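Shown next: final.cif, containing mmCIF, C-alpha atoms.
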data_protein
#
loop_
_atom_site.label_atom_id
_atom_site.label_comp_id
_atom_site.auth_asym_id
_atom_site.auth_seq_id
_atom_site.Cartn_x
_atom_site.Cartn_y
_atom_site.Cartn_z
CA MET A 1 199.83 156.03 186.10
CA SER A 2 202.74 156.23 183.62
CA SER A 3 204.63 159.47 182.86
CA ASP A 4 202.97 159.61 179.41
CA GLU A 5 199.53 159.34 181.05
CA ASP A 6 200.49 162.06 183.56
CA THR A 7 201.44 164.35 180.67
CA GLU A 8 198.18 163.67 178.81
CA THR A 9 196.10 164.25 181.94
CA ALA A 10 197.80 167.59 182.64
CA ALA A 11 197.41 168.62 178.98
CA ILE A 12 193.60 168.45 179.14
CA GLY A 13 193.40 170.48 182.33
CA LEU A 14 193.01 167.75 184.95
CA PRO A 15 195.43 167.47 187.85
CA VAL A 16 197.87 164.58 187.71
CA GLY A 17 196.32 161.55 189.45
CA ALA A 18 192.73 162.84 189.03
CA ASP A 19 191.48 159.46 187.77
CA ASP A 20 192.97 157.72 190.78
CA ALA A 21 191.43 160.28 193.13
CA ARG A 22 187.98 159.92 191.57
CA HIS A 23 188.27 156.16 191.79
CA ALA A 24 189.25 156.34 195.48
CA VAL A 25 186.25 158.56 196.29
CA LYS A 26 183.89 156.29 194.37
CA MET A 27 185.19 153.17 196.12
CA ALA A 28 185.00 154.87 199.53
CA LYS A 29 181.31 155.66 198.94
CA LYS A 30 180.68 152.11 197.76
CA LYS A 31 182.41 150.69 200.85
CA ALA A 32 180.37 152.92 203.18
CA ALA A 33 177.14 151.78 201.51
CA ARG A 34 178.23 148.15 201.66
CA ASP A 35 179.23 148.40 205.33
CA LYS A 36 175.86 149.97 206.17
CA MET A 37 174.03 147.18 204.35
CA MET A 38 176.07 144.45 206.04
CA ALA A 39 175.51 145.99 209.48
CA GLY A 40 171.83 145.13 209.16
CA LYS A 41 172.49 141.47 208.30
CA SER A 42 172.97 139.49 211.48
CA GLY A 43 170.62 136.51 211.23
CA GLU A 44 171.49 132.94 210.32
CA LYS A 45 169.13 130.24 209.08
CA GLY A 46 169.21 127.00 207.22
CA LEU A 47 168.47 127.80 203.59
CA ILE A 48 166.36 126.04 201.01
CA ILE A 49 168.39 126.38 197.82
CA VAL A 50 167.19 125.46 194.33
CA HIS A 51 169.45 125.05 191.29
CA THR A 52 167.41 124.65 188.13
CA GLY A 53 167.39 125.56 184.44
CA ALA A 54 168.53 123.97 181.19
CA GLY A 55 172.15 125.04 181.52
CA LYS A 56 175.02 122.94 182.85
CA GLY A 57 176.30 123.47 186.39
CA LYS A 58 173.40 122.71 188.73
CA SER A 59 174.92 119.65 190.39
CA SER A 60 178.44 121.05 190.04
CA SER A 61 177.48 124.10 192.06
CA ALA A 62 175.80 121.96 194.72
CA PHE A 63 178.90 119.80 195.08
CA GLY A 64 180.98 122.96 195.40
CA MET A 65 178.87 123.85 198.45
CA ILE A 66 179.46 120.36 199.87
CA VAL A 67 183.22 120.88 199.51
CA ARG A 68 182.89 124.18 201.39
CA CYS A 69 181.05 122.41 204.21
CA ILE A 70 183.76 119.79 204.40
CA ALA A 71 186.44 122.51 204.49
CA HIS A 72 184.69 123.98 207.55
CA GLY A 73 184.44 120.56 209.18
CA PHE A 74 180.63 120.44 208.88
CA PRO A 75 178.92 117.05 208.50
CA CYS A 76 176.95 116.91 205.24
CA ALA A 77 175.25 114.44 202.91
CA VAL A 78 174.27 113.81 199.30
CA VAL A 79 171.25 111.86 198.07
CA GLN A 80 171.23 111.28 194.32
CA PHE A 81 167.92 110.72 192.57
CA ILE A 82 167.50 109.46 188.98
CA LYS A 83 171.18 109.25 188.00
CA GLY A 84 171.85 105.80 189.40
CA ALA A 85 175.13 104.45 190.69
CA TRP A 86 177.36 106.35 188.27
CA ASP A 87 181.09 106.25 188.86
CA THR A 88 181.46 110.03 189.10
CA GLY A 89 184.42 112.13 190.15
CA GLU A 90 182.49 113.76 192.98
CA ARG A 91 181.40 110.41 194.35
CA ARG A 92 184.96 109.07 194.25
CA LEU A 93 186.28 112.16 196.01
CA LEU A 94 183.64 112.33 198.73
CA THR A 95 183.47 108.63 199.57
CA GLY A 96 187.20 108.01 199.13
CA HIS A 97 188.55 110.95 201.11
CA PHE A 98 185.78 112.55 203.16
CA GLY A 99 183.50 109.69 204.13
CA ASP A 100 183.84 110.69 207.78
CA LEU A 101 182.15 114.03 207.06
CA CYS A 102 179.99 113.42 204.00
CA GLN A 103 177.50 110.61 203.49
CA PHE A 104 176.80 109.75 199.85
CA HIS A 105 173.69 107.82 198.86
CA SER A 106 173.00 107.07 195.19
CA MET A 107 169.36 105.99 195.17
CA GLY A 108 168.34 106.28 191.52
CA GLU A 109 168.33 103.56 188.89
CA GLY A 110 169.13 105.65 185.85
CA PHE A 111 167.25 108.09 183.67
CA THR A 112 163.61 107.37 182.89
CA TRP A 113 164.28 106.62 179.23
CA GLU A 114 166.73 103.92 180.36
CA THR A 115 164.58 102.17 182.97
CA GLN A 116 161.30 102.48 181.01
CA ASP A 117 159.55 101.31 184.16
CA ARG A 118 157.52 103.95 186.00
CA ALA A 119 156.73 101.77 189.01
CA ARG A 120 160.42 101.07 189.49
CA ASP A 121 161.29 104.76 189.11
CA VAL A 122 158.66 105.75 191.66
CA ALA A 123 159.92 103.16 194.14
CA ALA A 124 163.51 104.38 193.74
CA ALA A 125 162.45 108.00 194.20
CA GLU A 126 160.45 107.17 197.31
CA ALA A 127 163.41 105.30 198.79
CA GLY A 128 165.60 108.31 198.05
CA TRP A 129 163.12 110.67 199.70
CA ALA A 130 162.92 108.44 202.79
CA LYS A 131 166.72 108.61 203.12
CA ALA A 132 166.65 112.35 202.48
CA LYS A 133 164.14 112.93 205.29
CA GLU A 134 166.28 110.86 207.65
CA LEU A 135 169.39 112.91 206.84
CA ILE A 136 167.66 116.30 206.84
CA GLY A 137 166.05 115.48 210.18
CA ASP A 138 169.44 114.93 211.82
CA PRO A 139 170.39 118.34 213.29
CA ALA A 140 174.06 117.35 213.33
CA ILE A 141 174.14 117.43 209.52
CA ARG A 142 174.68 120.96 208.23
CA MET A 143 173.84 120.49 204.53
CA VAL A 144 171.99 117.91 202.46
CA VAL A 145 172.12 117.96 198.65
CA LEU A 146 169.18 116.32 196.89
CA ASP A 147 170.71 115.88 193.46
CA GLU A 148 168.21 115.72 190.56
CA ILE A 149 165.20 115.60 192.88
CA ASN A 150 163.56 118.23 190.67
CA VAL A 151 163.38 115.65 187.88
CA ALA A 152 161.66 113.16 190.19
CA LEU A 153 159.21 115.88 191.21
CA ARG A 154 158.60 116.91 187.60
CA TYR A 155 157.48 113.38 186.69
CA ASP A 156 155.40 113.16 189.90
CA TYR A 157 157.44 110.28 191.28
CA LEU A 158 157.22 112.22 194.55
CA ASP A 159 154.41 114.32 195.99
CA ILE A 160 155.44 117.98 195.79
CA VAL A 161 152.99 118.83 198.60
CA GLU A 162 154.72 116.37 200.93
CA VAL A 163 158.20 117.61 200.01
CA VAL A 164 157.24 121.26 200.57
CA ARG A 165 155.48 120.46 203.85
CA PHE A 166 158.50 118.55 205.19
CA LEU A 167 160.96 121.28 204.24
CA GLN A 168 158.81 123.96 205.83
CA ASP A 169 157.76 122.11 208.98
CA GLU A 170 160.40 119.53 209.83
CA LYS A 171 163.75 120.78 208.53
CA PRO A 172 165.94 121.80 211.49
CA THR A 173 166.47 125.54 211.78
CA LEU A 174 170.13 125.62 210.69
CA THR A 175 170.13 122.84 208.10
CA HIS A 176 170.72 123.83 204.47
CA VAL A 177 168.99 121.78 201.76
CA VAL A 178 170.03 122.08 198.12
CA LEU A 179 167.69 120.72 195.45
CA THR A 180 168.98 120.38 191.89
CA GLY A 181 167.55 119.52 188.50
CA ARG A 182 165.71 121.05 185.57
CA ASN A 183 162.13 122.29 185.70
CA ALA A 184 161.85 122.97 189.42
CA LYS A 185 158.19 123.13 190.42
CA GLN A 186 156.76 126.53 191.28
CA GLU A 187 155.72 125.33 194.74
CA LEU A 188 159.37 124.64 195.52
CA ILE A 189 160.56 127.95 194.08
CA ASP A 190 157.97 129.75 196.21
CA ILE A 191 159.37 128.43 199.51
CA ALA A 192 163.06 128.60 198.57
CA ASP A 193 165.43 131.19 200.03
CA LEU A 194 167.81 131.05 197.07
CA VAL A 195 166.95 130.07 193.50
CA THR A 196 169.43 130.04 190.63
CA GLU A 197 168.47 129.23 187.05
CA MET A 198 171.29 128.01 184.84
CA THR A 199 170.81 129.33 181.28
CA LEU A 200 171.96 127.25 178.32
CA VAL A 201 173.97 129.32 175.86
CA LYS A 202 176.16 126.64 174.24
CA HIS A 203 176.81 122.98 175.01
CA PRO A 204 179.36 120.69 173.32
CA PHE A 205 176.87 117.81 173.22
CA ARG A 206 175.02 119.66 170.46
CA SER A 207 178.23 119.62 168.44
CA GLY A 208 178.59 115.86 168.75
CA ILE A 209 180.93 115.80 171.77
CA LYS A 210 180.04 113.27 174.44
CA GLY A 211 180.20 113.83 178.20
CA GLN A 212 183.78 113.69 179.45
CA PRO A 213 185.36 112.80 182.81
CA GLY A 214 186.23 115.89 184.81
CA VAL A 215 183.65 118.01 183.01
CA GLU A 216 180.38 116.07 183.05
CA PHE A 217 181.09 113.46 185.71
#

Show the structure stored in the file as structure tokens.
Amino acid sequence: MSSDEDTETAAIGLPVGADDARHAVKMAKKKAARDKMMAGKSGEKGLIIVHTGAGKGKSSSAFGMIVRCIAHGFPCAVVQFIKGAWDTGERRLLTGHFGDLCQFHSMGEGFTWETQDRARDVAAAEAGWAKAKELIGDPAIRMVVLDEINVALRYDYLDIVEVVRFLQDEKPTLTHVVLTGRNAKQELIDIADLVTEMTLVKHPFRSGIKGQPGVEF
């Protein structure tokens, strides 16, 4: 606190440093409550994580988790549905520098309005799900990101009952699975441990600005 603030504090009848003292007491109480809460958290489990909503950042957040896994030396994997073999920054980074720790499988053939072929879209989604089950079933892999699988589920390219059953019954105990994409089905939300909905407030695309490297891909 500055000398001017000390003078003002004393002038209104509070001891010098009263704000700092109150803050210290408040933070001490908060720390005690936090420590008590954390003391009761000892379990570990592989999480089912859903990133959904109309806002940007679903895949970006999932890839951030993959980078964390890599930083800890944990084997991990990505299976991309729908998007197709885009030349994205995350794909370049993961395959070019961390291929020993992170498998990357781009199984989609592009967005549905581009392919205009439901049978082809279903076949691509089923191939992606087969690869996903293989990776999730490997207990050596700590995290598997299923990027845009929610879109495949929304259009019923995959059977939500089968996906939910597999995640509940066959996912290894400590494996994390992250499922991204808009319009996550309620059945998936119901079994998830962590669900985040990205809310759209503003997006440059609506102002005529196209997707740009480093931001969108």

Segment 174-180 of chain A: which residues within 7 Å, counting only C-alpha atoms, same-chain residues fewer than 3 positions away excluded, as a ChimeraX atom specification?
/A:45-52,58-59,62,139,141-150,171

Considering all atoms listed in the file, return as a ChimeraX atom specification whatever protein or nucleic-acid residues lie within 8 Å of segment 68-84 of chain A, sequence-local ones (same chain, fewer than 4 positions apart) excluded.
/A:64,98,101-112,121,124-125,128,131-132,135,140-149,151-152

Let me know the residues the PyMOL selection byres ((chain A and resi 53) around 8) catches in the file above, as a list of chain:residue names.
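Taken over the shown coordinates, the PyMOL selection byres ((chain A and resi 53) around 8) returns A:His51, A:Thr52, A:Ala54, A:Gly55, A:Lys58, A:Gly181, A:Arg182, A:Asn183, A:Ala184, A:Thr196, A:Glu197, A:Met198, A:Thr199, A:Leu200.
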
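Closest approach to Leu153 of chain A among A:Glu216, A:Glu134, A:Glu187, A:Glu170 is made by A:Glu187 (distances from only C-alpha atoms).
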
If the PyMOL selection byres ((chain A and resi 163) around 10) is run on the structure shown, which residues does it catch, given as an mmCIF file with C-alpha atoms, keeping the file's coordinate frame?
data_model
loop_
_atom_site.group_PDB
_atom_site.id
_atom_site.type_symbol
_atom_site.label_atom_id
_atom_site.label_comp_id
_atom_site.auth_asym_id
_atom_site.auth_seq_id
_atom_site.Cartn_x
_atom_site.Cartn_y
_atom_site.Cartn_z
ATOM 1 C CA TRP A 129 163.120 110.670 199.700
ATOM 2 C CA LYS A 133 164.140 112.930 205.290
ATOM 3 C CA LEU A 153 159.210 115.880 191.210
ATOM 4 C CA LEU A 158 157.220 112.220 194.550
ATOM 5 C CA ASP A 159 154.410 114.320 195.990
ATOM 6 C CA ILE A 160 155.440 117.980 195.790
ATOM 7 C CA VAL A 161 152.990 118.830 198.600
ATOM 8 C CA GLU A 162 154.720 116.370 200.930
ATOM 9 C CA VAL A 164 157.240 121.260 200.570
ATOM 10 C CA ARG A 165 155.480 120.460 203.850
ATOM 11 C CA PHE A 166 158.500 118.550 205.190
ATOM 12 C CA LEU A 167 160.960 121.280 204.240
ATOM 13 C CA GLN A 168 158.810 123.960 205.830
ATOM 14 C CA GLU A 187 155.720 125.330 194.740
ATOM 15 C CA LEU A 188 159.370 124.640 195.520
#

Among listed residues A:Leu93, A:Met37, A:Met65, A:Ala127, nearest Phe217 of chain A (using all atoms listed in the file)
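Closest candidate: A:Leu93.
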
Work out how far atom CA of Tyr157 of chain A is from atom CA of Ala123 of chain A, in Å to one decimal.
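Separating atom CA of Ala123 of chain A from atom CA of Tyr157 of chain A is a distance of 8.1 Å.
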
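With all atoms listed in the file as the basis for measurement, A:Asp156 is the residue among A:Ala192, A:His23, A:Asp156, A:Lys56 that approaches Glu126 of chain A most closely.
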
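With all atoms listed in the file as the atoms that count, the minimum distance from Gly211 of chain A to the choices A:Asp193, A:Glu44, A:Thr88, A:Gly137 is reached by A:Thr88.
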
Starting from 5 Å padding per side, set up an axis-aligned box that covers all listed atoms of segment 87-92 of chain A and hand over centre and edge lengths in Å, one decimal, as JSON.
{"center_x": 183.0, "center_y": 110.0, "center_z": 191.6, "size_x": 13.9, "size_y": 17.5, "size_z": 15.5}

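Distances to Pro172 of chain A were evaluated for A:Val201, A:Ala39, A:Ile136, A:Ala18 using all atoms listed in the file, and the minimum falls at A:Ile136.
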
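Interatomic distance, atom CA of Gln212 of chain A against atom CA of Arg154 of chain A: 26.7 Å.
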
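Atom CA of Lys30 of chain A lies 22.9 Å from atom CA of Gly43 of chain A.
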